[in-house]
Amino acid sequence: MTRTDGTSSVTPVVSAVKVGKKFGGHQALADVTMDVMPGEVVCIIGPSGSGKTTFLRCINQLESFDSGGLWLDGELLGYRRVGEALHPLSDKEIARQRRKTGMVFQRFNLFPHMTALENVTEAPVQVLRRRRDEVHDAAMLLLDRVGLAHKAGAYPSELSGGQQQRIAIARALAMQPKLMLFDEPTSALDPELVGEVLAVMRDLAASGMTMIVVTHELGFAREVGDRVVFMDQGRVVETGTATELMNDPKEARTRNFLKTAFTRG
Amino acid sequence: MAEELDIARLRHVRRPHFGRIAAIVAILFVAFLLVRAFAHGKIDWATTWEFLFWPTILWGLFNTVWMSFVCMAVGIAIGLACAVAHASTNPVLKGAAIFYAWFFRGAPVILQLLIWFNLALVFPTLGIPGLFEFKTVVVITPAVATILSLGLNEGAYVSEIIRSGMLGVDRGQYEAAKAMGMTNGTALRRIILPQAMRIVVPPLGNEFIGLVKMTALASIIGFGDVVRSAQDIYYSNAKVIELLMVPTFWFLVVVTVLTLGQRVLERRFGRGFGTGGAR
């Protein structure tokens, strides 16, 4: 751990310090600073284009950033510090850092040429070099955990959106990540399928998994989120417990967003 | 009202297909004319039949087939390397791949065959001076010149086919693979290329079939393919058309087998995409 703020002896799972990113002239992220503690569920809400997805993608380095720094489990992400300069890590080292995070995408991104079970065993076998038969039982347990053990042999194209997303969650968990990232996991689902995915996420939160969830589901954020972060125009506008932020927002922008979001939904 | 209640009782008649019937009649008529023409034409089918399994012909067929497979293997190896290089973020690799495709797609195959075969005129010896050296005329046999020219040429076409397959794979697939800690190589091998194969197999089969027939060009530099074998025979017995029908038959056989092989591969790589295949 290279960073000490003196407030806590527990290492945060994620520690972001003044993370900034520009897309051309557009400031996608500006001075985003936050800590996520072990076991915490943080929900990031905000209008589209507010940078919440970009920030999430920075944490597993699908997106690069131009300023500031990110630590995962005490390890600086993407760079090695040499004196006063930060040198970028090699692709291999970045791949190794990514193993600690599991990512769930809006559009599932299951591997269509593999069965549900193969999707779950793929990374442990190919990345962690574990034996397939040894991984098999753990994968079946994970499929059972998301309620889809009976679909182990099915291809993604044969599954509903809700089922695909639950498989995607099992696939991410197969790497035994320290942190789960969810990028609008229910936005691409038919309304009647949202519940089954949220139920799996609720169980996961209850099991003590550290989670960062970018979501439009304010009800879920209120119920499951330990903390809610409201972002707008690349900045963290306001952070608080779910009840604080949703019932008694301090900032006018948060109030406006919640008002339109609730009247719309 | 009465009619509306009645409607469930009525029989649904199928749409008649007059176009299909007309097409069948037209095809049968043309086929009849063709068969009649060849039956009465000055062609001695007994000679064709006699030479169909002639040892020289079968030897030529064997050469055609192995040469096609070797050139395709060289083409796929080069094509894969070039497609991956083209997709790379390294501008030097990308530039090299673009230059390669430009050069080998640009020059006619027959010229490439002649240039490779006559390489000895430019470089009388090949090798690293002091370490090892060979006389070019000894190394560049007709077969070697054919492998080099057709294989290198094929690589340029195959690279574009594989590249189009890679472009056809959703970006989310790269992201999902990377997000779980895969390196670029593993992601390509396990996730991207298997999905690209589904898109790549039909044009690749097309390319292979084209290549099988392109090997016939190698007869001009003295490679003993099946066309060359047939020519050697009709030079002595003057049964030109009869002998040309022999390689025609064999090419159709080889292409039929390859077409069936392509169907098998399409099913194999179509798994999970609802385009047939194992369930």
# chains A, B, ... in the order shown; residues from 1 in each chain; ligands from 1
call {"tool": "select_by_dssp", "arguments": {"residues": "segment 190-242 of chain A", "states": "strand (DSSP E)", "output": "list of chain:residue names"}}
result
A:Thr210, A:Met211, A:Ile212, A:Val213, A:Val214, A:Arg227, A:Val228, A:Val229, A:Phe230, A:Met231, A:Asp232, A:Arg235, A:Val236, A:Val237, A:Glu238, A:Thr239, A:Gly240
call {"tool": "interface_residues", "arguments": {"of": "chain B", "to": "chain A", "cutoff": "6 Å", "atoms": "only C-alpha atoms", "output": "list in words"}}
result
Gly172, Gln173, Met180, Gly181, Met182, Thr183, Arg271 and Gly272 of chain B
call {"tool": "select_by_dssp", "arguments": {"residues": "segment 40-108 of chain B", "states": "helix (DSSP H, G or I)", "output": "PyMOL selection string"}}
result
chain B and resi 40+45-52+55-87+91-106
call {"tool": "residues_around", "arguments": {"residues": "segment 50-54 of chain B", "least_positions_apart": "5", "cutoff": "9 Å", "atoms": "only C-alpha atoms", "output": "PyMOL selection string"}}
result
chain B and resi 45+59+230+242-243+245-247+249-250
call {"tool": "atom_distance", "arguments": {"atom1": "atom CA of Ala152 of chain A", "atom2": "atom CA of Leu117 of chain A"}}
result
4.8 Å
call {"tool": "atom_distance", "arguments": {"atom1": "atom CA of Ile140 of chain B", "atom2": "atom CA of Ala101 of chain B"}}
result
23.5 Å
call {"tool": "residues_around", "arguments": {"residues": "Ala139 of chain A", "least_positions_apart": "2", "cutoff": "8 Å", "atoms": "only C-alpha atoms", "output": "list in words"}}
result
Leu117, Val120, Thr121, Val135, His136, Asp137, Leu141, Leu142, Leu143, Ala170 and Ala174 of chain A
call {"tool": "atom_distance", "arguments": {"atom1": "atom CA of Tyr235 of chain B", "atom2": "atom CA of Ile43 of chain B"}}
result
16.6 Å
call {"tool": "decode", "arguments": {"residues": "segment 110-143 of chain A", "atoms": "N, CA, C and O atoms", "output": "PDB file, in the first residue's frame"}}
result
ATOM      1  N   LEU A 110     -21.662 -12.858 -22.948  1.00  0.00           N
ATOM      2  CA  LEU A 110     -21.291 -14.270 -22.794  1.00  0.00           C
ATOM      3  C   LEU A 110     -20.630 -14.714 -24.084  1.00  0.00           C
ATOM      4  O   LEU A 110     -20.866 -14.136 -25.135  1.00  0.00           O
ATOM      5  N   PHE A 111     -19.795 -15.767 -24.002  1.00  0.00           N
ATOM      6  CA  PHE A 111     -19.152 -16.281 -25.202  1.00  0.00           C
ATOM      7  C   PHE A 111     -20.152 -17.181 -25.922  1.00  0.00           C
ATOM      8  O   PHE A 111     -20.499 -18.250 -25.416  1.00  0.00           O
ATOM      9  N   PRO A 112     -20.634 -16.778 -27.092  1.00  0.00           N
ATOM     10  CA  PRO A 112     -21.757 -17.490 -27.723  1.00  0.00           C
ATOM     11  C   PRO A 112     -21.404 -18.886 -28.224  1.00  0.00           C
ATOM     12  O   PRO A 112     -22.288 -19.701 -28.407  1.00  0.00           O
ATOM     13  N   HIS A 113     -20.096 -19.150 -28.417  1.00  0.00           N
ATOM     14  CA  HIS A 113     -19.714 -20.458 -28.952  1.00  0.00           C
ATOM     15  C   HIS A 113     -19.453 -21.472 -27.844  1.00  0.00           C
ATOM     16  O   HIS A 113     -18.977 -22.573 -28.104  1.00  0.00           O
ATOM     17  N   MET A 114     -19.744 -21.079 -26.594  1.00  0.00           N
ATOM     18  CA  MET A 114     -19.526 -21.999 -25.484  1.00  0.00           C
ATOM     19  C   MET A 114     -20.828 -22.166 -24.702  1.00  0.00           C
ATOM     20  O   MET A 114     -21.632 -21.248 -24.630  1.00  0.00           O
ATOM     21  N   THR A 115     -20.980 -23.345 -24.095  1.00  0.00           N
ATOM     22  CA  THR A 115     -22.155 -23.558 -23.255  1.00  0.00           C
ATOM     23  C   THR A 115     -22.030 -22.719 -21.987  1.00  0.00           C
ATOM     24  O   THR A 115     -20.966 -22.156 -21.693  1.00  0.00           O
ATOM     25  N   ALA A 116     -23.115 -22.671 -21.226  1.00  0.00           N
ATOM     26  CA  ALA A 116     -23.119 -21.916 -19.977  1.00  0.00           C
ATOM     27  C   ALA A 116     -21.975 -22.389 -19.079  1.00  0.00           C
ATOM     28  O   ALA A 116     -21.205 -21.593 -18.541  1.00  0.00           O
ATOM     29  N   LEU A 117     -21.839 -23.720 -18.968  1.00  0.00           N
ATOM     30  CA  LEU A 117     -20.792 -24.281 -18.107  1.00  0.00           C
ATOM     31  C   LEU A 117     -19.407 -23.897 -18.621  1.00  0.00           C
ATOM     32  O   LEU A 117     -18.524 -23.503 -17.851  1.00  0.00           O
ATOM     33  N   GLU A 118     -19.203 -23.993 -19.929  1.00  0.00           N
ATOM     34  CA  GLU A 118     -17.898 -23.644 -20.514  1.00  0.00           C
ATOM     35  C   GLU A 118     -17.574 -22.171 -20.309  1.00  0.00           C
ATOM     36  O   GLU A 118     -16.415 -21.801 -20.105  1.00  0.00           O
ATOM     37  N   ASN A 119     -18.607 -21.330 -20.366  1.00  0.00           N
ATOM     38  CA  ASN A 119     -18.391 -19.913 -20.091  1.00  0.00           C
ATOM     39  C   ASN A 119     -17.815 -19.714 -18.692  1.00  0.00           C
ATOM     40  O   ASN A 119     -16.944 -18.879 -18.484  1.00  0.00           O
ATOM     41  N   VAL A 120     -18.335 -20.508 -17.736  1.00  0.00           N
ATOM     42  CA  VAL A 120     -17.909 -20.349 -16.344  1.00  0.00           C
ATOM     43  C   VAL A 120     -16.515 -20.947 -16.110  1.00  0.00           C
ATOM     44  O   VAL A 120     -15.713 -20.399 -15.362  1.00  0.00           O
ATOM     45  N   THR A 121     -16.206 -22.060 -16.772  1.00  0.00           N
ATOM     46  CA  THR A 121     -14.911 -22.706 -16.518  1.00  0.00           C
ATOM     47  C   THR A 121     -13.772 -22.103 -17.350  1.00  0.00           C
ATOM     48  O   THR A 121     -12.605 -22.348 -17.058  1.00  0.00           O
ATOM     49  N   GLU A 122     -14.108 -21.330 -18.368  1.00  0.00           N
ATOM     50  CA  GLU A 122     -13.101 -20.847 -19.314  1.00  0.00           C
ATOM     51  C   GLU A 122     -11.932 -20.100 -18.646  1.00  0.00           C
ATOM     52  O   GLU A 122     -10.771 -20.442 -18.863  1.00  0.00           O
ATOM     53  N   ALA A 123     -12.254 -19.093 -17.848  1.00  0.00           N
ATOM     54  CA  ALA A 123     -11.170 -18.286 -17.264  1.00  0.00           C
ATOM     55  C   ALA A 123     -10.338 -19.065 -16.236  1.00  0.00           C
ATOM     56  O   ALA A 123      -9.113 -19.010 -16.281  1.00  0.00           O
ATOM     57  N   PRO A 124     -10.976 -19.810 -15.308  1.00  0.00           N
ATOM     58  CA  PRO A 124     -10.136 -20.585 -14.375  1.00  0.00           C
ATOM     59  C   PRO A 124      -9.188 -21.532 -15.108  1.00  0.00           C
ATOM     60  O   PRO A 124      -8.046 -21.710 -14.698  1.00  0.00           O
ATOM     61  N   VAL A 125      -9.647 -22.142 -16.219  1.00  0.00           N
ATOM     62  CA  VAL A 125      -8.800 -23.086 -16.946  1.00  0.00           C
ATOM     63  C   VAL A 125      -7.728 -22.347 -17.742  1.00  0.00           C
ATOM     64  O   VAL A 125      -6.550 -22.683 -17.675  1.00  0.00           O
ATOM     65  N   GLN A 126      -8.135 -21.319 -18.484  1.00  0.00           N
ATOM     66  CA  GLN A 126      -7.200 -20.663 -19.395  1.00  0.00           C
ATOM     67  C   GLN A 126      -6.300 -19.648 -18.704  1.00  0.00           C
ATOM     68  O   GLN A 126      -5.164 -19.447 -19.106  1.00  0.00           O
ATOM     69  N   VAL A 127      -6.838 -18.960 -17.699  1.00  0.00           N
ATOM     70  CA  VAL A 127      -6.076 -17.892 -17.067  1.00  0.00           C
ATOM     71  C   VAL A 127      -5.350 -18.394 -15.817  1.00  0.00           C
ATOM     72  O   VAL A 127      -4.164 -18.141 -15.633  1.00  0.00           O
ATOM     73  N   LEU A 128      -6.056 -19.146 -14.982  1.00  0.00           N
ATOM     74  CA  LEU A 128      -5.428 -19.632 -13.747  1.00  0.00           C
ATOM     75  C   LEU A 128      -4.758 -20.985 -13.953  1.00  0.00           C
ATOM     76  O   LEU A 128      -4.129 -21.509 -13.032  1.00  0.00           O
ATOM     77  N   ARG A 129      -4.920 -21.565 -15.183  1.00  0.00           N
ATOM     78  CA  ARG A 129      -4.270 -22.834 -15.526  1.00  0.00           C
ATOM     79  C   ARG A 129      -4.683 -23.960 -14.591  1.00  0.00           C
ATOM     80  O   ARG A 129      -3.872 -24.828 -14.242  1.00  0.00           O
ATOM     81  N   ARG A 130      -5.935 -23.937 -14.153  1.00  0.00           N
ATOM     82  CA  ARG A 130      -6.389 -25.033 -13.305  1.00  0.00           C
ATOM     83  C   ARG A 130      -6.963 -26.145 -14.160  1.00  0.00           C
ATOM     84  O   ARG A 130      -7.341 -25.923 -15.302  1.00  0.00           O
ATOM     85  N   ARG A 131      -7.026 -27.346 -13.612  1.00  0.00           N
ATOM     86  CA  ARG A 131      -7.506 -28.489 -14.394  1.00  0.00           C
ATOM     87  C   ARG A 131      -9.010 -28.414 -14.565  1.00  0.00           C
ATOM     88  O   ARG A 131      -9.731 -28.048 -13.647  1.00  0.00           O
ATOM     89  N   ARG A 132      -9.473 -28.793 -15.778  1.00  0.00           N
ATOM     90  CA  ARG A 132     -10.881 -28.639 -16.114  1.00  0.00           C
ATOM     91  C   ARG A 132     -11.790 -29.434 -15.183  1.00  0.00           C
ATOM     92  O   ARG A 132     -12.824 -28.939 -14.725  1.00  0.00           O
ATOM     93  N   ASP A 133     -11.408 -30.682 -14.876  1.00  0.00           N
ATOM     94  CA  ASP A 133     -12.287 -31.506 -14.039  1.00  0.00           C
ATOM     95  C   ASP A 133     -12.363 -30.958 -12.612  1.00  0.00           C
ATOM     96  O   ASP A 133     -13.375 -31.077 -11.932  1.00  0.00           O
ATOM     97  N   GLU A 134     -11.282 -30.310 -12.216  1.00  0.00           N
ATOM     98  CA  GLU A 134     -11.216 -29.751 -10.869  1.00  0.00           C
ATOM     99  C   GLU A 134     -12.098 -28.494 -10.778  1.00  0.00           C
ATOM    100  O   GLU A 134     -12.735 -28.224  -9.770  1.00  0.00           O
ATOM    101  N   VAL A 135     -12.162 -27.755 -11.894  1.00  0.00           N
ATOM    102  CA  VAL A 135     -12.937 -26.516 -11.955  1.00  0.00           C
ATOM    103  C   VAL A 135     -14.435 -26.816 -12.117  1.00  0.00           C
ATOM    104  O   VAL A 135     -15.288 -26.057 -11.678  1.00  0.00           O
ATOM    105  N   HIS A 136     -14.713 -27.978 -12.716  1.00  0.00           N
ATOM    106  CA  HIS A 136     -16.082 -28.324 -13.068  1.00  0.00           C
ATOM    107  C   HIS A 136     -17.048 -28.246 -11.879  1.00  0.00           C
ATOM    108  O   HIS A 136     -18.113 -27.637 -11.959  1.00  0.00           O
ATOM    109  N   ASP A 137     -16.648 -28.865 -10.744  1.00  0.00           N
ATOM    110  CA  ASP A 137     -17.558 -28.924  -9.597  1.00  0.00           C
ATOM    111  C   ASP A 137     -17.840 -27.528  -9.045  1.00  0.00           C
ATOM    112  O   ASP A 137     -18.981 -27.190  -8.732  1.00  0.00           O
ATOM    113  N   ALA A 138     -16.787 -26.710  -8.954  1.00  0.00           N
ATOM    114  CA  ALA A 138     -16.968 -25.347  -8.460  1.00  0.00           C
ATOM    115  C   ALA A 138     -17.883 -24.560  -9.397  1.00  0.00           C
ATOM    116  O   ALA A 138     -18.740 -23.786  -8.955  1.00  0.00           O
ATOM    117  N   ALA A 139     -17.733 -24.793 -10.704  1.00  0.00           N
ATOM    118  CA  ALA A 139     -18.563 -24.093 -11.684  1.00  0.00           C
ATOM    119  C   ALA A 139     -20.020 -24.501 -11.541  1.00  0.00           C
ATOM    120  O   ALA A 139     -20.926 -23.659 -11.617  1.00  0.00           O
ATOM    121  N   MET A 140     -20.256 -25.798 -11.313  1.00  0.00           N
ATOM    122  CA  MET A 140     -21.637 -26.253 -11.131  1.00  0.00           C
ATOM    123  C   MET A 140     -22.252 -25.640  -9.875  1.00  0.00           C
ATOM    124  O   MET A 140     -23.428 -25.280  -9.868  1.00  0.00           O
ATOM    125  N   LEU A 141     -21.440 -25.490  -8.822  1.00  0.00           N
ATOM    126  CA  LEU A 141     -21.943 -24.849  -7.606  1.00  0.00           C
ATOM    127  C   LEU A 141     -22.341 -23.402  -7.886  1.00  0.00           C
ATOM    128  O   LEU A 141     -23.372 -22.927  -7.416  1.00  0.00           O
ATOM    129  N   LEU A 142     -21.509 -22.713  -8.683  1.00  0.00           N
ATOM    130  CA  LEU A 142     -21.813 -21.324  -9.024  1.00  0.00           C
ATOM    131  C   LEU A 142     -23.095 -21.239  -9.855  1.00  0.00           C
ATOM    132  O   LEU A 142     -23.941 -20.362  -9.633  1.00  0.00           O
ATOM    133  N   LEU A 143     -23.239 -22.159 -10.824  1.00  0.00           N
ATOM    134  CA  LEU A 143     -24.463 -22.162 -11.635  1.00  0.00           C
ATOM    135  C   LEU A 143     -25.672 -22.417 -10.741  1.00  0.00           C
ATOM    136  O   LEU A 143     -26.743 -21.827 -10.931  1.00  0.00           O
TER     137      LEU A 143
END
